file my_file-v6.txt (compact mmCIF, C-alpha atoms)
# COMPACT_ATOMS: atom_id res chain seq x y z
CA MET E 1 29.40 230.65 160.55
CA LYS E 2 32.17 233.03 159.53
CA ASN E 3 29.64 235.09 157.57
CA PHE E 4 27.52 235.54 160.68
CA GLN E 5 30.59 236.45 162.69
CA ALA E 6 31.42 239.13 160.08
CA ASN E 7 27.93 240.58 160.57
CA LEU E 8 27.73 240.04 164.33
CA LYS E 9 28.06 243.72 165.33
CA LYS E 10 25.23 244.69 162.96
CA LEU E 11 23.03 241.89 164.27
CA GLU E 12 23.72 242.64 167.93
CA ALA E 13 22.88 246.29 167.28
CA THR E 14 19.39 245.16 166.24
CA ASP E 15 18.80 243.18 169.44
CA THR E 16 19.50 239.84 167.77
CA GLN E 17 21.15 236.80 169.33
CA VAL E 18 22.99 234.55 166.86
CA LEU E 19 23.10 230.83 167.65
CA GLY E 20 24.79 228.20 165.49
CA VAL E 21 23.46 224.64 165.76
CA SER E 22 24.92 221.33 164.57
CA MET E 23 24.81 217.69 165.56
CA ASP E 24 28.44 217.78 166.68
CA SER E 25 29.47 217.33 170.32
CA PRO E 26 29.92 220.49 172.44
CA PHE E 27 33.67 219.80 172.44
CA ALA E 28 33.95 219.65 168.63
CA ASN E 29 31.88 222.83 168.35
CA LYS E 30 34.09 224.66 170.88
CA ALA E 31 37.19 223.69 168.91
CA PHE E 32 35.47 224.76 165.68
CA ALA E 33 34.42 228.13 167.18
CA ASP E 34 37.97 228.78 168.43
CA SER E 35 39.56 227.80 165.13
CA ILE E 36 37.44 230.16 162.99
CA GLY E 37 37.12 232.94 165.59
CA VAL E 38 33.36 232.62 166.21
CA THR E 39 32.32 234.33 169.46
CA PHE E 40 28.60 233.44 169.52
CA PRO E 41 27.44 230.06 170.93
CA LEU E 42 27.61 227.00 168.67
CA LEU E 43 24.98 224.71 170.17
CA SER E 44 25.30 220.96 170.16
CA ASP E 45 22.24 219.03 168.99
CA TRP E 46 23.79 215.71 169.96
CA GLY E 47 21.36 213.00 168.83
CA GLY E 48 19.57 215.39 166.48
CA GLU E 49 16.32 215.94 168.40
CA THR E 50 16.11 219.65 167.56
CA THR E 51 17.24 219.07 163.95
CA HIS E 52 14.38 216.57 163.54
CA LYS E 53 11.93 218.91 165.29
CA TYR E 54 12.73 221.62 162.74
CA GLY E 55 12.28 219.10 159.90
CA ILE E 56 15.73 219.68 158.42
CA TYR E 57 17.50 216.37 159.03
CA SER E 58 19.18 215.24 155.83
CA ASP E 59 19.44 211.51 155.13
CA LYS E 60 22.22 212.28 152.65
CA TYR E 61 24.47 213.99 155.20
CA LYS E 62 23.19 212.07 158.24
CA ALA E 63 23.13 215.55 159.77
CA ALA E 64 21.28 218.87 159.59
CA LYS E 65 20.88 220.70 156.31
CA ARG E 66 22.25 224.22 156.12
CA VAL E 67 19.28 226.38 157.14
CA ASN E 68 19.01 229.81 158.78
CA PHE E 69 15.92 230.85 160.71
CA LEU E 70 15.23 234.37 161.93
CA ILE E 71 12.88 234.15 164.92
CA GLY E 72 11.08 237.25 166.21
CA LYS E 73 10.70 238.26 169.84
CA ASP E 74 7.22 236.72 169.75
CA GLY E 75 8.73 233.32 168.86
CA LYS E 76 7.45 233.33 165.28
CA ILE E 77 9.63 232.68 162.25
CA LEU E 78 10.30 235.86 160.24
CA GLU E 79 12.75 234.62 157.57
CA GLU E 80 14.23 231.36 156.32
CA GLN E 81 17.22 230.52 154.13
CA VAL E 82 17.87 226.96 152.94
CA ASP E 83 20.95 225.16 151.52
CA ASP E 84 23.18 227.29 149.26
CA ALA E 85 21.01 230.35 149.90
CA ALA E 86 21.95 230.05 153.59
CA ILE E 87 25.68 230.63 153.00
CA ASP E 88 25.25 234.39 152.56
CA PRO E 89 23.18 235.65 155.51
CA SER E 90 22.60 239.18 154.11
CA LYS E 91 18.88 238.51 153.68
CA ILE E 92 18.67 237.81 157.42
CA VAL E 93 20.86 240.78 158.31
CA ASP E 94 18.69 243.05 156.14
CA ALA E 95 15.52 241.66 157.74
CA CYS E 96 16.94 242.40 161.20
CA GLU E 97 17.71 245.97 160.29
CA ARG E 98 14.31 246.56 158.70
CA PRO E 99 12.27 247.13 161.92
CA LYS E 100 14.91 249.63 163.05
CA LEU E 101 14.43 251.73 159.91
CA LYS E 102 10.71 252.03 160.62
CA GLN E 103 11.27 253.71 163.98
CA MET G 104 -19.11 184.39 158.48
CA LYS G 105 -20.02 187.76 159.92
CA ARG G 106 -17.83 187.11 162.88
CA LEU G 107 -14.89 186.08 160.63
CA LEU G 108 -15.28 189.28 158.63
CA PHE G 109 -15.32 191.31 161.82
CA THR G 110 -12.18 189.56 163.09
CA LEU G 111 -10.37 190.17 159.79
CA THR G 112 -11.34 193.83 159.74
CA LEU G 113 -10.16 194.22 163.32
CA MET G 114 -6.85 192.49 162.51
CA CYS G 115 -6.27 194.78 159.52
CA ALA G 116 -6.95 197.83 161.65
CA VAL G 117 -4.60 196.68 164.41
CA LEU G 118 -1.81 195.70 161.98
CA SER G 119 -1.95 198.91 159.96
CA TYR G 120 -1.93 201.15 163.05
CA PRO G 121 1.87 201.20 163.56
CA LEU G 122 2.35 201.98 159.83
CA ALA G 123 0.07 204.99 160.10
CA GLY G 124 2.12 206.17 163.08
CA ALA G 125 5.42 205.74 161.20
CA ASN G 126 4.18 207.79 158.25
CA LYS G 127 3.32 210.67 160.53
CA GLU G 128 6.80 210.83 162.04
CA PRO G 129 8.99 213.06 159.77
CA ALA G 130 8.41 216.65 160.84
CA THR G 131 8.22 219.26 158.11
CA MET G 132 10.15 222.48 158.24
CA PRO G 133 8.16 225.25 159.95
CA LYS G 134 7.10 228.04 157.58
CA VAL G 135 7.49 231.81 157.91
CA GLY G 136 4.83 232.94 160.37
CA ASP G 137 4.84 229.63 162.28
CA LEU G 138 5.84 229.44 165.92
CA ALA G 139 9.44 228.18 166.10
CA PRO G 140 9.69 224.89 168.04
CA ASP G 141 11.31 225.38 171.44
CA PHE G 142 14.58 223.62 172.23
CA LYS G 143 17.11 223.33 175.03
CA LEU G 144 20.69 222.73 173.89
CA GLN G 145 24.17 223.09 175.32
CA TYR G 146 27.43 224.69 174.31
CA LEU G 147 30.85 224.78 175.87
CA ASP G 148 32.66 227.97 176.86
CA GLU G 149 35.68 228.67 179.07
CA HIS G 150 33.59 228.03 182.20
CA GLY G 151 31.97 224.75 181.13
CA LEU G 152 28.70 223.59 179.62
CA LYS G 153 25.94 226.20 179.29
CA ASP G 154 22.22 225.61 178.63
CA VAL G 155 20.47 227.65 175.98
CA SER G 156 16.74 227.52 175.25
CA LEU G 157 14.70 229.43 172.70
CA ALA G 158 12.20 230.38 175.42
CA GLN G 159 14.79 232.47 177.29
CA TYR G 160 14.84 235.04 174.42
CA ARG G 161 11.05 235.32 174.11
CA GLY G 162 10.02 238.97 174.38
CA LYS G 163 13.65 240.04 174.77
CA LYS G 164 15.65 239.38 171.62
CA GLN G 165 15.27 238.15 168.07
CA VAL G 166 17.15 234.92 167.43
CA VAL G 167 19.07 233.81 164.36
CA LEU G 168 19.22 230.03 164.41
CA ALA G 169 21.88 228.92 161.94
CA PHE G 170 21.97 225.16 161.38
CA TYR G 171 25.17 223.92 159.74
CA ILE G 172 26.13 220.46 158.58
CA PHE G 173 29.27 219.71 160.61
CA ALA G 174 31.98 221.51 162.53
CA PHE G 175 35.10 222.15 160.43
CA THR G 176 33.15 222.40 157.19
CA GLY G 177 32.96 225.68 155.25
CA GLY G 178 30.57 228.55 155.73
call {"tool": "encode", "arguments": {"input": "my_file-v6.txt", "output": "structure tokens"}}
result
Amino acid sequence: MKNFQANLKKLEATDTQVLGVSMDSPFANKAFADSIGVTFPLLSDWGGETTHKYGIYSDKYKAAKRVNFLIGKDGKILEEQVDDAAIDPSKIVDACERPKLKQ
Amino acid sequence: MKRLLFTLTLMCAVLSYPLAGANKEPATMPKVGDLAPDFKLQYLDEHGLKDVSLAQYRGKKQVVLAFYIFAFTGG
């Protein structure tokens, strides 16, 4: 989440809303956001319904896997990063900046 | 005999039905180009709990949805 925070200005400049999601309670996520200085919403998927819907529930962790989705304004998925590849979000940041370059 | 066979076939069909349903259950990860499943989740800010849905950004903003394992873990 820190890596997204570091790139937040770039992402916001490309009309992109960043949302973190985990199966923690809203209270744990608020404390987490405050402790690492994250200013975008960390959503609580308490019970895991959304995690299951996206097919990324991990039996090993009993929680969501680390996955980033970039979703376009039309609601379609533009990019995905899974597990270790999801730690560095530069692929997502680059993809966000791409449409801007075309203009 | 015919009737017994029919009953057995029917029983097999009825008994295997819940198994077929269970196998269908685990959703697979949507692929690039797929429509992202909608959701409605909450987060807490200074003013209290806020609702966020994917639908509210449709046609307005791109969305980065970053799933992480647990709060207070790295990344």
call {"tool": "closest_residue", "arguments": {"input": "my_file-v6.txt", "among": "G:Leu157, G:Leu107, G:Ala130, G:Leu152", "to": "chain E", "atoms": "only C-alpha atoms"}}
result
G:Ala130
call {"tool": "atom_distance", "arguments": {"input": "my_file-v6.txt", "atom1": "CA of Lys2 (chain E)", "atom2": "CA of Thr131 (chain G)"}}
result
27.7 Å
call {"tool": "closest_residue", "arguments": {"input": "my_file-v6.txt", "among": "E:Ser90, E:Asn68, E:Ser22, E:Asn3", "to": "Val38 (chain E)", "atoms": "all atoms listed in the file"}}
result
E:Asn3
call {"tool": "atom_distance", "arguments": {"input": "my_file-v6.txt", "atom1": "CA of Gln165 (chain G)", "atom2": "CA of Asp141 (chain G)"}}
result
13.8 Å
call {"tool": "residues_around", "arguments": {"input": "my_file-v6.txt", "residues": "region 143-149 of chain G", "least_positions_apart": "3", "cutoff": "12 Å", "atoms": "only C-alpha atoms", "output": "tab-separated table (two decimals) with C-alpha atoms, in the frame of the given file"}}
result
chain	number	residue	atom	x	y	z
E	19	LEU	CA	23.10	230.83	167.65
E	20	GLY	CA	24.79	228.20	165.49
E	21	VAL	CA	23.46	224.64	165.76
E	22	SER	CA	24.92	221.33	164.57
E	23	MET	CA	24.81	217.69	165.56
E	24	ASP	CA	28.44	217.78	166.68
E	25	SER	CA	29.47	217.33	170.32
E	26	PRO	CA	29.92	220.49	172.44
E	27	PHE	CA	33.67	219.80	172.44
E	28	ALA	CA	33.95	219.65	168.63
E	29	ASN	CA	31.88	222.83	168.35
E	30	LYS	CA	34.09	224.66	170.88
E	31	ALA	CA	37.19	223.69	168.91
E	32	PHE	CA	35.47	224.76	165.68
E	33	ALA	CA	34.42	228.13	167.18
E	34	ASP	CA	37.97	228.78	168.43
E	38	VAL	CA	33.36	232.62	166.21
E	39	THR	CA	32.32	234.33	169.46
E	40	PHE	CA	28.60	233.44	169.52
E	41	PRO	CA	27.44	230.06	170.93
E	42	LEU	CA	27.61	227.00	168.67
E	43	LEU	CA	24.98	224.71	170.17
E	44	SER	CA	25.30	220.96	170.16
E	45	ASP	CA	22.24	219.03	168.99
E	46	TRP	CA	23.79	215.71	169.96
E	47	GLY	CA	21.36	213.00	168.83
E	48	GLY	CA	19.57	215.39	166.48
E	49	GLU	CA	16.32	215.94	168.40
E	50	THR	CA	16.11	219.65	167.56
E	51	THR	CA	17.24	219.07	163.95
E	53	LYS	CA	11.93	218.91	165.29
G	140	PRO	CA	9.69	224.89	168.04
G	152	LEU	CA	28.70	223.59	179.62
G	153	LYS	CA	25.94	226.20	179.29
G	154	ASP	CA	22.22	225.61	178.63
G	155	VAL	CA	20.47	227.65	175.98
G	156	SER	CA	16.74	227.52	175.25
G	157	LEU	CA	14.70	229.43	172.70
G	158	ALA	CA	12.20	230.38	175.42
G	159	GLN	CA	14.79	232.47	177.29
G	160	TYR	CA	14.84	235.04	174.42
call {"tool": "atom_distance", "arguments": {"input": "my_file-v6.txt", "atom1": "CA of Ile92 (chain E)", "atom2": "CA of Thr16 (chain E)"}}
result
10.6 Å
call {"tool": "residues_around", "arguments": {"input": "my_file-v6.txt", "residues": "Val82 (chain E)", "least_positions_apart": "3", "cutoff": "8 Å", "atoms": "all atoms listed in the file", "output": "list in words"}}
result
Lys65, Arg66, Val67, Asn68, Ala85 and Ala86 of chain E
call {"tool": "closest_residue", "arguments": {"input": "my_file-v6.txt", "among": "G:Phe109, G:Asp137, G:Ala169, G:Thr176", "to": "Ile56 (chain E)", "atoms": "all atoms listed in the file"}}
result
G:Ala169
call {"tool": "closest_residue", "arguments": {"input": "my_file-v6.txt", "among": "G:Gly162, G:Ala139, G:Phe175, G:Leu168", "to": "Lys73 (chain E)", "atoms": "all atoms listed in the file"}}
result
G:Gly162
call {"tool": "closest_residue", "arguments": {"input": "my_file-v6.txt", "among": "E:Met1, E:Leu11, E:Ala6, E:Ile36", "to": "chain G", "atoms": "only C-alpha atoms"}}
result
E:Met1
call {"tool": "closest_residue", "arguments": {"input": "my_file-v6.txt", "among": "E:Gln17, E:Ser35, E:Lys62, E:Cys96", "to": "chain G", "atoms": "all atoms listed in the file"}}
result
E:Gln17
